[in-house]
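Enquirer: The structure file model-v6.txt (compact mmCIF, C-alpha atoms) is provided below.
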```
# COMPACT_ATOMS: atom_id res chain seq x y z
CA MET Y 459 -23.79 16.51 8.52
CA LYS Y 460 -20.87 17.11 6.19
CA LYS Y 461 -20.86 14.68 3.30
CA HIS Y 462 -17.90 12.32 2.94
CA LEU Y 463 -17.83 9.05 1.01
CA LEU Y 464 -15.66 6.25 2.43
CA VAL Y 465 -15.03 3.26 0.17
CA ILE Y 466 -13.55 0.18 1.86
CA LEU Y 467 -12.57 -2.68 -0.45
CA PRO Y 468 -9.86 -5.32 -0.49
CA HIS Y 469 -8.23 -5.17 -3.93
CA PRO Y 470 -6.93 -2.49 -6.26
CA ASP Y 471 -9.51 -2.50 -9.12
CA ASP Y 472 -12.52 -3.51 -6.97
CA GLU Y 473 -13.31 0.20 -6.73
CA SER Y 474 -12.99 0.80 -10.46
CA PHE Y 475 -15.25 -2.10 -11.43
CA GLY Y 476 -17.93 -1.43 -8.85
CA VAL Y 477 -17.84 2.12 -7.53
CA ALA Y 478 -15.98 4.35 -9.99
CA GLY Y 479 -19.24 5.93 -11.16
CA LEU Y 480 -20.45 6.72 -7.65
CA ILE Y 481 -17.01 8.04 -6.70
CA ALA Y 482 -16.81 10.24 -9.80
CA LEU Y 483 -20.31 11.65 -9.31
CA ASN Y 484 -19.45 12.51 -5.71
CA ARG Y 485 -16.23 14.20 -6.77
CA LYS Y 486 -18.12 16.24 -9.41
CA GLU Y 487 -20.13 17.64 -6.49
CA ASP Y 488 -16.88 18.27 -4.62
CA ILE Y 489 -17.76 15.72 -1.94
CA PRO Y 490 -14.58 14.30 -0.36
CA VAL Y 491 -13.89 10.64 -1.06
CA THR Y 492 -11.58 8.37 0.94
CA TYR Y 493 -10.63 4.97 -0.43
CA ALA Y 494 -9.27 2.43 2.05
CA CYS Y 495 -7.82 -0.46 0.06
CA LEU Y 496 -6.91 -3.40 2.25
CA THR Y 497 -4.40 -5.29 0.06
CA LEU Y 498 -2.32 -4.74 -3.07
CA GLY Y 499 -3.84 -7.73 -4.85
CA GLU Y 500 -0.48 -9.46 -4.54
CA MET Y 501 -1.92 -12.86 -5.51
CA GLY Y 502 -3.82 -11.76 -8.59
CA ARG Y 503 -3.38 -14.18 -11.47
CA ASN Y 504 -3.65 -11.61 -14.26
CA MET Y 505 -0.15 -10.58 -15.23
CA GLY Y 506 -1.09 -8.28 -18.09
CA ASP Y 507 -2.37 -8.97 -21.59
CA PRO Y 508 0.13 -8.84 -23.20
CA LEU Y 509 2.08 -10.30 -20.30
CA PHE Y 510 4.30 -7.81 -18.44
CA ALA Y 511 4.17 -8.69 -14.72
CA ASN Y 512 5.20 -11.64 -12.61
CA ARG Y 513 4.32 -12.79 -9.10
CA GLU Y 514 7.12 -10.72 -7.56
CA THR Y 515 6.73 -7.52 -9.60
CA LEU Y 516 2.93 -7.49 -9.36
CA PRO Y 517 2.51 -5.81 -5.93
CA LEU Y 518 4.42 -2.64 -6.84
CA LEU Y 519 2.81 -2.47 -10.27
CA ARG Y 520 -0.66 -2.77 -8.76
CA LYS Y 521 0.18 -0.15 -6.15
CA GLN Y 522 1.03 2.31 -8.92
CA GLU Y 523 -2.07 1.31 -10.90
CA LEU Y 524 -4.17 2.00 -7.81
CA ILE Y 525 -2.62 5.44 -7.43
CA ASP Y 526 -3.22 6.13 -11.12
CA ALA Y 527 -6.84 4.97 -10.95
CA CYS Y 528 -7.46 7.21 -7.94
CA ARG Y 529 -6.05 10.13 -9.92
CA GLU Y 530 -8.49 9.35 -12.74
CA MET Y 531 -11.40 9.32 -10.26
CA ASP Y 532 -10.07 12.41 -8.46
CA VAL Y 533 -9.87 10.52 -5.15
CA GLN Y 534 -7.80 12.76 -2.90
CA ASP Y 535 -7.39 10.42 0.05
CA LEU Y 536 -6.13 6.91 -0.70
CA ARG Y 537 -5.17 4.71 2.22
CA MET Y 538 -3.41 1.38 1.71
CA LEU Y 539 -3.90 -0.75 4.79
CA GLY Y 540 -1.13 -3.26 4.06
CA TYR Y 541 -2.90 -6.58 4.38
CA ARG Y 542 -2.04 -9.42 2.03
CA ASP Y 543 -4.27 -10.65 -0.76
CA LYS Y 544 -6.28 -13.82 0.03
CA THR Y 545 -5.48 -13.69 3.75
CA LEU Y 546 -8.16 -11.37 5.15
CA GLU Y 547 -10.50 -14.15 6.24
CA PHE Y 548 -7.68 -15.69 8.28
CA GLU Y 549 -6.80 -12.53 10.20
CA ASP Y 550 -8.09 -11.91 13.73
CA GLU Y 551 -11.60 -10.62 13.03
CA GLU Y 552 -11.66 -8.16 15.93
CA LYS Y 553 -8.26 -6.71 15.04
CA LEU Y 554 -9.24 -6.32 11.40
CA ALA Y 555 -12.39 -4.53 12.52
CA ASP Y 556 -10.24 -2.35 14.83
CA ARG Y 557 -8.18 -1.14 11.86
CA ILE Y 558 -11.29 -0.36 9.88
CA GLU Y 559 -12.99 1.30 12.83
CA ALA Y 560 -9.96 3.58 13.18
CA VAL Y 561 -10.33 4.66 9.54
CA ILE Y 562 -14.07 5.20 9.97
CA ASP Y 563 -13.57 7.28 13.09
CA ASP Y 564 -10.87 9.33 11.44
CA VAL Y 565 -12.91 10.00 8.28
CA ASN Y 566 -16.33 10.31 9.92
CA PRO Y 567 -18.11 9.36 6.69
CA SER Y 568 -21.71 10.12 5.80
CA LEU Y 569 -21.74 7.12 3.47
CA VAL Y 570 -19.71 3.88 3.40
CA VAL Y 571 -19.36 1.49 0.46
CA THR Y 572 -18.16 -2.11 0.76
CA PHE Y 573 -19.19 -5.64 -0.24
CA TYR Y 574 -22.33 -7.22 1.20
CA PRO Y 575 -21.03 -9.97 3.51
CA GLY Y 576 -21.88 -13.34 1.99
CA HIS Y 577 -22.39 -11.86 -1.47
CA GLY Y 578 -18.84 -11.00 -2.45
CA VAL Y 579 -17.93 -14.30 -4.23
CA HIS Y 580 -14.22 -13.73 -3.47
CA PRO Y 581 -13.37 -14.60 0.17
CA ASP Y 582 -11.53 -11.29 0.62
CA HIS Y 583 -14.65 -9.42 -0.48
CA ASP Y 584 -16.74 -11.17 2.14
CA ALA Y 585 -14.13 -10.76 4.88
CA CYS Y 586 -13.79 -7.05 4.06
CA GLY Y 587 -17.55 -6.47 4.12
CA ALA Y 588 -17.89 -8.43 7.36
CA ALA Y 589 -15.12 -6.41 8.99
CA VAL Y 590 -16.78 -3.12 8.00
CA ILE Y 591 -20.10 -4.31 9.42
CA ARG Y 592 -18.39 -5.57 12.57
CA ALA Y 593 -16.67 -2.20 13.05
CA LEU Y 594 -19.86 -0.21 12.51
CA SER Y 595 -21.99 -2.52 14.65
CA ARG Y 596 -19.94 -1.36 17.64
CA LYS Y 597 -21.59 2.03 17.27
CA LYS Y 598 -25.08 2.93 18.38
CA LYS Y 599 -27.49 2.37 15.51
CA GLU Y 600 -28.28 6.08 15.19
CA ASP Y 601 -24.57 6.89 14.91
CA ARG Y 602 -23.88 4.56 12.00
CA PRO Y 603 -23.55 6.03 8.51
CA ARG Y 604 -25.54 4.45 5.72
CA VAL Y 605 -23.71 1.49 4.18
CA LEU Y 606 -24.12 0.72 0.50
CA CYS Y 607 -23.01 -2.78 -0.42
CA MET Y 608 -22.05 -4.42 -3.67
CA ALA Y 609 -23.44 -7.92 -4.11
CA ILE Y 610 -22.19 -10.08 -6.96
CA THR Y 611 -23.46 -13.59 -6.18
CA HIS Y 612 -25.83 -15.16 -8.72
CA HIS Y 613 -28.51 -15.56 -6.03
CA ARG Y 614 -28.19 -12.04 -4.64
CA GLU Y 615 -31.72 -10.94 -5.54
CA GLU Y 616 -33.29 -14.11 -4.11
CA VAL Y 617 -31.70 -13.32 -0.76
CA LEU Y 618 -31.46 -9.53 -0.68
CA GLY Y 619 -34.24 -8.51 -3.04
CA LYS Y 620 -33.76 -5.93 -5.77
CA PRO Y 621 -30.97 -3.39 -5.26
CA ASP Y 622 -32.46 -0.30 -3.65
CA VAL Y 623 -29.86 2.01 -5.23
CA VAL Y 624 -29.51 1.92 -9.00
CA LEU Y 625 -27.27 4.77 -9.96
CA ASP Y 626 -27.17 6.22 -13.47
CA ILE Y 627 -23.45 6.69 -14.11
CA LYS Y 628 -23.50 7.53 -17.83
CA GLU Y 629 -22.24 11.03 -17.03
CA ALA Y 630 -19.15 9.44 -15.46
CA ALA Y 631 -18.66 6.62 -17.96
CA ASP Y 632 -15.46 8.12 -19.37
CA ILE Y 633 -13.95 8.46 -15.91
CA LYS Y 634 -14.85 4.87 -15.10
CA MET Y 635 -13.29 3.71 -18.37
CA ASN Y 636 -10.06 5.57 -17.55
CA ALA Y 637 -9.98 4.21 -14.00
CA LEU Y 638 -10.38 0.67 -15.32
CA LYS Y 639 -7.66 1.26 -17.90
CA ALA Y 640 -5.32 2.44 -15.14
CA HIS Y 641 -5.42 -1.07 -13.68
CA LYS Y 642 -3.74 -2.33 -16.81
CA SER Y 643 -2.24 -5.53 -15.39
CA GLN Y 644 -5.76 -6.62 -14.45
CA THR Y 645 -7.92 -5.13 -17.16
CA GLY Y 646 -5.84 -5.43 -20.35
CA GLY Y 647 -7.86 -8.36 -21.70
CA PHE Y 648 -11.15 -6.95 -20.41
CA MET Y 649 -10.54 -3.58 -22.08
CA LYS Y 650 -9.63 -5.27 -25.38
CA GLU Y 651 -13.00 -7.05 -25.36
CA ILE Y 652 -14.86 -3.85 -24.46
CA GLU Y 653 -13.11 -1.83 -27.16
CA LYS Y 654 -13.78 -4.51 -29.75
CA LYS Y 655 -17.47 -4.40 -28.88
CA LEU Y 656 -17.58 -0.60 -28.98
CA ALA Y 657 -15.81 -0.58 -32.38
CA ASN Y 658 -18.37 -3.06 -33.75
CA GLY Y 659 -21.26 -1.09 -32.29
CA GLU Y 660 -22.21 -4.02 -30.06
CA PRO Y 661 -23.82 -3.34 -26.69
CA VAL Y 662 -21.43 -3.37 -23.74
CA VAL Y 663 -22.76 -4.86 -20.51
CA GLU Y 664 -24.68 -1.93 -19.08
CA THR Y 665 -23.53 -2.57 -15.53
CA TRP Y 666 -20.06 -1.40 -16.36
CA PHE Y 667 -20.71 2.00 -17.91
CA GLU Y 668 -24.40 2.83 -17.49
CA LYS Y 669 -25.36 1.97 -13.96
CA GLU Y 670 -24.02 0.80 -10.65
CA THR Y 671 -26.21 -1.07 -8.22
CA PHE Y 672 -26.03 -1.24 -4.44
CA TRP Y 673 -27.96 -2.73 -1.57
CA THR Y 674 -28.29 -0.67 1.61
CA TYR Y 675 -27.05 -2.85 4.46
CA GLN Y 676 -29.92 -3.97 6.65
CA TRP Y 677 -28.94 -3.99 10.33
CA ASN Y 678 -30.58 -6.70 12.37
CA ASP Y 679 -30.51 -4.81 15.66
CA MET C 1094 9.64 -13.34 -18.15
CA LYS C 1095 10.41 -15.29 -21.30
CA ALA C 1096 9.72 -18.72 -22.74
CA ILE C 1097 11.62 -21.42 -20.89
CA ILE C 1098 15.01 -22.40 -22.25
CA LYS C 1099 15.52 -25.73 -20.56
CA GLU C 1100 19.30 -25.60 -20.32
CA ASP C 1101 19.26 -22.13 -18.75
CA VAL C 1102 16.69 -23.14 -16.17
CA GLN C 1103 18.61 -26.33 -15.35
CA ALA C 1104 21.80 -24.33 -14.84
CA SER C 1105 19.98 -21.88 -12.60
CA LEU C 1106 18.33 -24.64 -10.56
CA GLU C 1107 21.71 -26.11 -9.77
CA THR C 1108 22.90 -22.86 -8.16
CA PHE C 1109 20.31 -23.42 -5.41
CA LEU C 1110 21.39 -26.94 -4.40
CA ASN C 1111 22.68 -28.01 -0.98
CA GLN C 1112 21.90 -24.83 0.94
CA PRO C 1113 18.78 -23.45 2.65
CA VAL C 1114 16.46 -21.88 0.06
CA TYR C 1115 12.98 -20.36 0.14
CA ILE C 1116 10.24 -21.71 -2.10
CA HIS C 1117 7.09 -20.06 -3.38
CA LEU C 1118 4.76 -22.61 -4.99
CA GLU C 1119 1.22 -21.89 -6.11
CA THR C 1120 -1.46 -22.96 -8.47
CA THR C 1121 -4.81 -21.33 -9.16
CA THR C 1122 -7.90 -21.71 -11.29
CA GLY C 1123 -8.73 -18.07 -10.52
CA SER C 1124 -10.95 -16.97 -7.67
CA TYR C 1125 -14.00 -16.67 -9.92
CA SER C 1126 -13.76 -20.08 -11.57
CA ALA C 1127 -16.83 -21.57 -9.91
CA HIS C 1128 -18.70 -18.26 -10.16
CA LYS C 1129 -18.25 -18.15 -13.93
CA ASP C 1130 -19.17 -21.80 -14.47
CA GLU C 1131 -20.82 -23.92 -11.82
CA GLN C 1132 -19.29 -27.03 -13.38
CA ASN C 1133 -15.89 -25.75 -12.22
CA MET C 1134 -14.43 -25.62 -8.75
CA THR C 1135 -12.35 -22.75 -7.50
CA VAL C 1136 -9.07 -24.36 -6.49
CA VAL C 1137 -6.19 -22.26 -5.25
CA ALA C 1138 -3.15 -23.27 -3.23
CA TYR C 1139 0.02 -21.49 -2.35
CA ILE C 1140 2.89 -21.79 0.05
CA ARG C 1141 5.26 -18.86 0.44
CA ASN C 1142 8.68 -19.12 2.01
CA ALA C 1143 8.91 -22.82 2.68
CA LYS C 1144 12.53 -23.18 3.79
CA VAL C 1145 14.12 -26.32 2.38
CA THR C 1146 17.41 -27.76 1.21
CA CYS C 1147 17.40 -29.43 -2.19
CA SER C 1148 19.73 -32.30 -3.04
CA ARG C 1149 18.46 -32.59 -6.62
CA ALA C 1150 16.65 -30.17 -8.92
CA LYS C 1151 15.60 -30.92 -12.49
CA ILE C 1152 13.44 -29.49 -15.24
CA THR C 1153 11.89 -31.98 -17.66
CA GLY C 1154 9.41 -32.18 -20.53
CA GLU C 1155 9.18 -30.53 -23.94
CA GLY C 1156 6.97 -27.64 -22.90
CA PRO C 1157 5.01 -26.90 -20.91
CA PHE C 1158 7.69 -28.15 -18.54
CA ARG C 1159 7.83 -29.93 -15.21
CA ALA C 1160 10.19 -29.31 -12.32
CA GLY C 1161 11.04 -31.56 -9.38
CA LEU C 1162 13.06 -30.68 -6.31
CA LYS C 1163 14.25 -33.44 -4.02
CA ILE C 1164 14.28 -32.13 -0.45
CA GLU C 1165 15.36 -33.55 2.93
CA ASP C 1166 12.19 -35.50 3.62
CA GLY C 1167 10.25 -35.40 0.36
CA TRP C 1168 9.66 -33.65 -2.94
CA ILE C 1169 8.42 -30.43 -4.47
CA TYR C 1170 6.77 -30.75 -7.89
CA ALA C 1171 5.31 -28.38 -10.45
CA GLU C 1172 3.82 -29.07 -13.88
CA GLY C 1173 2.69 -26.63 -16.54
CA LEU C 1174 5.65 -24.26 -16.50
CA THR C 1175 6.03 -22.06 -19.58
CA ASP C 1176 8.07 -18.96 -18.67
CA TYR C 1177 11.02 -18.04 -16.49
CA THR C 1178 13.33 -15.30 -15.39
CA VAL C 1179 16.21 -14.87 -13.00
CA ASP C 1180 15.29 -11.52 -11.48
CA ASP C 1181 17.59 -8.75 -10.29
CA GLU C 1182 17.68 -10.32 -6.82
CA GLY C 1183 19.00 -13.57 -8.27
CA ARG C 1184 15.76 -15.46 -7.71
CA LEU C 1185 14.60 -18.07 -10.21
CA LEU C 1186 10.95 -17.43 -11.06
CA LEU C 1187 9.18 -20.13 -13.05
CA ALA C 1188 5.54 -19.83 -14.05
CA GLY C 1189 2.90 -21.30 -16.30
CA TYR C 1190 0.69 -18.78 -18.05
CA LEU C 1191 -2.58 -19.28 -19.88
CA PRO C 1192 -3.29 -17.20 -22.99
CA GLY C 1193 -4.19 -13.67 -21.90
CA GLY C 1194 -1.45 -13.54 -19.27
CA LYS C 1195 -3.27 -15.50 -16.57
CA LEU C 1196 -0.99 -17.27 -14.13
CA ALA C 1197 -1.91 -20.93 -13.58
CA ILE C 1198 1.13 -22.10 -11.64
CA SER C 1199 4.34 -20.69 -10.27
CA LEU C 1200 7.43 -22.16 -8.67
CA GLN C 1201 10.03 -19.72 -7.38
CA ILE C 1202 13.33 -20.27 -5.57
CA SER C 1203 15.29 -17.69 -3.62
CA LYS C 1204 18.22 -17.67 -1.23
CA LYS C 1205 16.44 -14.99 0.81
CA PRO C 1206 12.78 -14.97 1.94
CA PHE C 1207 10.22 -13.58 -0.51
CA ALA C 1208 8.50 -10.39 0.59
CA VAL C 1209 5.30 -10.84 2.55
```
Output the file's structure as structure tokens, nothing else.

Expert:
Amino acid sequence: MKKHLLVILPHPDDESFGVAGLIALNRKEDIPVTYACLTLGEMGRNMGDPLFANRETLPLLRKQELIDACREMDVQDLRMLGYRDKTLEFEDEEKLADRIEAVIDDVNPSLVVTFYPGHGVHPDHDACGAAVIRALSRKKKEDRPRVLCMAITHHREEVLGKPDVVLDIKEAADIKMNALKAHKSQTGGFMKEIEKKLANGEPVVETWFEKETFWTYQWND
Amino acid sequence: MKAIIKEDVQASLETFLNQPVYIHLETTTGSYSAHKDEQNMTVVAYIRNAKVTCSRAKITGEGPFRAGLKIEDGWIYAEGLTDYTVDDEGRLLLAGYLPGGKLAISLQISKKPFAV
């Protein structure tokens, strides 16, 4: 089967925080990557540090940041699905799954990345993960691609066990850094902290630039 | 946006009186508030495009500021406002920002609906 990575996440920057390393390593092998981003993060509360956005200018700024981040990660196929931040869990669940199923069927991915339902912390993360699982569960088990999920709850390992995929992303750390920087309305303060630590020779949380962890979704059928 | 100049905001508020206007009002602790500290709750509320007619509109306080809008059957209230702008579509955007550019509250008034 031809390899193709499909990343399905709700907010511009979710991909850069959690999957930029995996995306970059796939692109280095010339594996196609599609990123379906469900919203533009219209309701984000970070307006830049220093402040440069407001509630009404944020959507277009974040759209451009998303495009810029995808350029940094060499993502060739970015699809913006046009939902609104913080509303995913209130949409019709079947219709949301229909939209995602259409993307899956169009891309025919060998690997899908999303949030583990129930372990996303943000309601949009959970609703996105649940919609991906709902869409894929309509297929016969043998026809489903592998699904790697991000889990960020504090109790994730108590419930899901240890992550079964721990990816060394050091080779792609610079790409991940540039992708995060591209989301400058959201990551200005975060990058300042990181750069201060790097300048002082302090350790930076290894999850950001050394490894990315995923749990393979366990189907219950 | 820039730091609130009370007189400017008051003058702008008055241009929205006695006609149908659209309100965006929100407040947020951030979606990760409870995740970062279990002593906190995550509390977020917003209403976008409430259509009202205001008979009074006033900004008060010495900063951060408060705003109250008297509407047909009640009130709209916001506290913690620090910054404002009248954007190129003539909308009055008021917001309260925490250090680091994090929005804590916003109150916005427009004669046309806000984009959704």

Enquirer: As a PyMOL selection string, could you give me every residue of chain C near chain Y (at most 6 Å apart, counting all atoms listed in the file)?

Expert: chain C and resi 1193-1196

Enquirer: Go ahead and save the picked residues with C-alpha atoms, as a tab-separated table (two decimals), in the coordinates of the input.

Expert:
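Result written to out18.tsv:
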```
chain	number	residue	atom	x	y	z
C	1193	GLY	CA	-4.19	-13.67	-21.90
C	1194	GLY	CA	-1.45	-13.54	-19.27
C	1195	LYS	CA	-3.27	-15.50	-16.57
C	1196	LEU	CA	-0.99	-17.27	-14.13
```

Enquirer: May I ask which of the residues C:Ala1150, C:Leu1191, C:Gly1167, C:Leu1162 is the closest one to Ser1105 in chain C, counting all atoms listed in the file?

Expert: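 Of C:Ala1150, C:Leu1191, C:Gly1167, C:Leu1162, the one nearest Ser1105 in chain C is C:Ala1150, counting all atoms listed in the file.
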
Enquirer: Which neighbours of Pro468 in chain Y fall inside 10 Å, counting all atoms listed in the file, when residues of the same chain fewer than 6 positions from it are skipped, and could you give them as a ChimeraX atom specification?

Expert: /Y:494-499,538-539,541-544,546,572-573,580-587

Enquirer: Got a sec: who's within 10 Å of Gly1154 in chain C, counting all atoms listed in the file, leaving out chain neighbours fewer than 6 positions off, as a CSV table (one decimal) with C-alpha atoms, in the frame of the given file?

Expert:
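Okay, around38.csv is ready:
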```csv
chain,number,residue,atom,x,y,z
C,1099,LYS,CA,15.5,-25.7,-20.6
C,1160,ALA,CA,10.2,-29.3,-12.3
C,1172,GLU,CA,3.8,-29.1,-13.9
C,1173,GLY,CA,2.7,-26.6,-16.5
C,1174,LEU,CA,5.6,-24.3,-16.5
```

Enquirer: Counting all atoms listed in the file, note down every residue that has an atom within 12 Å of the point (-18.8, -3.7, 12.6) (file coordinates), as a PyMOL selection string.

Expert: chain Y and resi 551-560+562+570+572+575+585-599+602-603+605+675+677

Enquirer: Please write the residues from the selection above to a file, keeping C-alpha atoms, as a PDB file, keeping the file's coordinate frame.

Expert:
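Output below, filename selection.pdb:
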```pdb
ATOM      1  CA  GLU Y 551     -11.600 -10.620  13.030  1.00  0.00           C
ATOM      2  CA  GLU Y 552     -11.660  -8.160  15.930  1.00  0.00           C
ATOM      3  CA  LYS Y 553      -8.260  -6.710  15.040  1.00  0.00           C
ATOM      4  CA  LEU Y 554      -9.240  -6.320  11.400  1.00  0.00           C
ATOM      5  CA  ALA Y 555     -12.390  -4.530  12.520  1.00  0.00           C
ATOM      6  CA  ASP Y 556     -10.240  -2.350  14.830  1.00  0.00           C
ATOM      7  CA  ARG Y 557      -8.180  -1.140  11.860  1.00  0.00           C
ATOM      8  CA  ILE Y 558     -11.290  -0.360   9.880  1.00  0.00           C
ATOM      9  CA  GLU Y 559     -12.990   1.300  12.830  1.00  0.00           C
ATOM     10  CA  ALA Y 560      -9.960   3.580  13.180  1.00  0.00           C
ATOM     11  CA  ILE Y 562     -14.070   5.200   9.970  1.00  0.00           C
ATOM     12  CA  VAL Y 570     -19.710   3.880   3.400  1.00  0.00           C
ATOM     13  CA  THR Y 572     -18.160  -2.110   0.760  1.00  0.00           C
ATOM     14  CA  PRO Y 575     -21.030  -9.970   3.510  1.00  0.00           C
ATOM     15  CA  ALA Y 585     -14.130 -10.760   4.880  1.00  0.00           C
ATOM     16  CA  CYS Y 586     -13.790  -7.050   4.060  1.00  0.00           C
ATOM     17  CA  GLY Y 587     -17.550  -6.470   4.120  1.00  0.00           C
ATOM     18  CA  ALA Y 588     -17.890  -8.430   7.360  1.00  0.00           C
ATOM     19  CA  ALA Y 589     -15.120  -6.410   8.990  1.00  0.00           C
ATOM     20  CA  VAL Y 590     -16.780  -3.120   8.000  1.00  0.00           C
ATOM     21  CA  ILE Y 591     -20.100  -4.310   9.420  1.00  0.00           C
ATOM     22  CA  ARG Y 592     -18.390  -5.570  12.570  1.00  0.00           C
ATOM     23  CA  ALA Y 593     -16.670  -2.200  13.050  1.00  0.00           C
ATOM     24  CA  LEU Y 594     -19.860  -0.210  12.510  1.00  0.00           C
ATOM     25  CA  SER Y 595     -21.990  -2.520  14.650  1.00  0.00           C
ATOM     26  CA  ARG Y 596     -19.940  -1.360  17.640  1.00  0.00           C
ATOM     27  CA  LYS Y 597     -21.590   2.030  17.270  1.00  0.00           C
ATOM     28  CA  LYS Y 598     -25.080   2.930  18.380  1.00  0.00           C
ATOM     29  CA  LYS Y 599     -27.490   2.370  15.510  1.00  0.00           C
ATOM     30  CA  ARG Y 602     -23.880   4.560  12.000  1.00  0.00           C
ATOM     31  CA  PRO Y 603     -23.550   6.030   8.510  1.00  0.00           C
ATOM     32  CA  VAL Y 605     -23.710   1.490   4.180  1.00  0.00           C
ATOM     33  CA  TYR Y 675     -27.050  -2.850   4.460  1.00  0.00           C
ATOM     34  CA  TRP Y 677     -28.940  -3.990  10.330  1.00  0.00           C
TER      35      TRP Y 677
END
```

Enquirer: How many Å separate CA of Val491 in chain Y from CA of Asn636 in chain Y?

Expert: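 So the answer is 17.7 Å.
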
Enquirer: Provide the CA of Thr1175 in chain C to CA of Gly1161 in chain C distance in Å, to one decimal place.

Expert: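 Between these atoms lies a distance of 14.8 Å.
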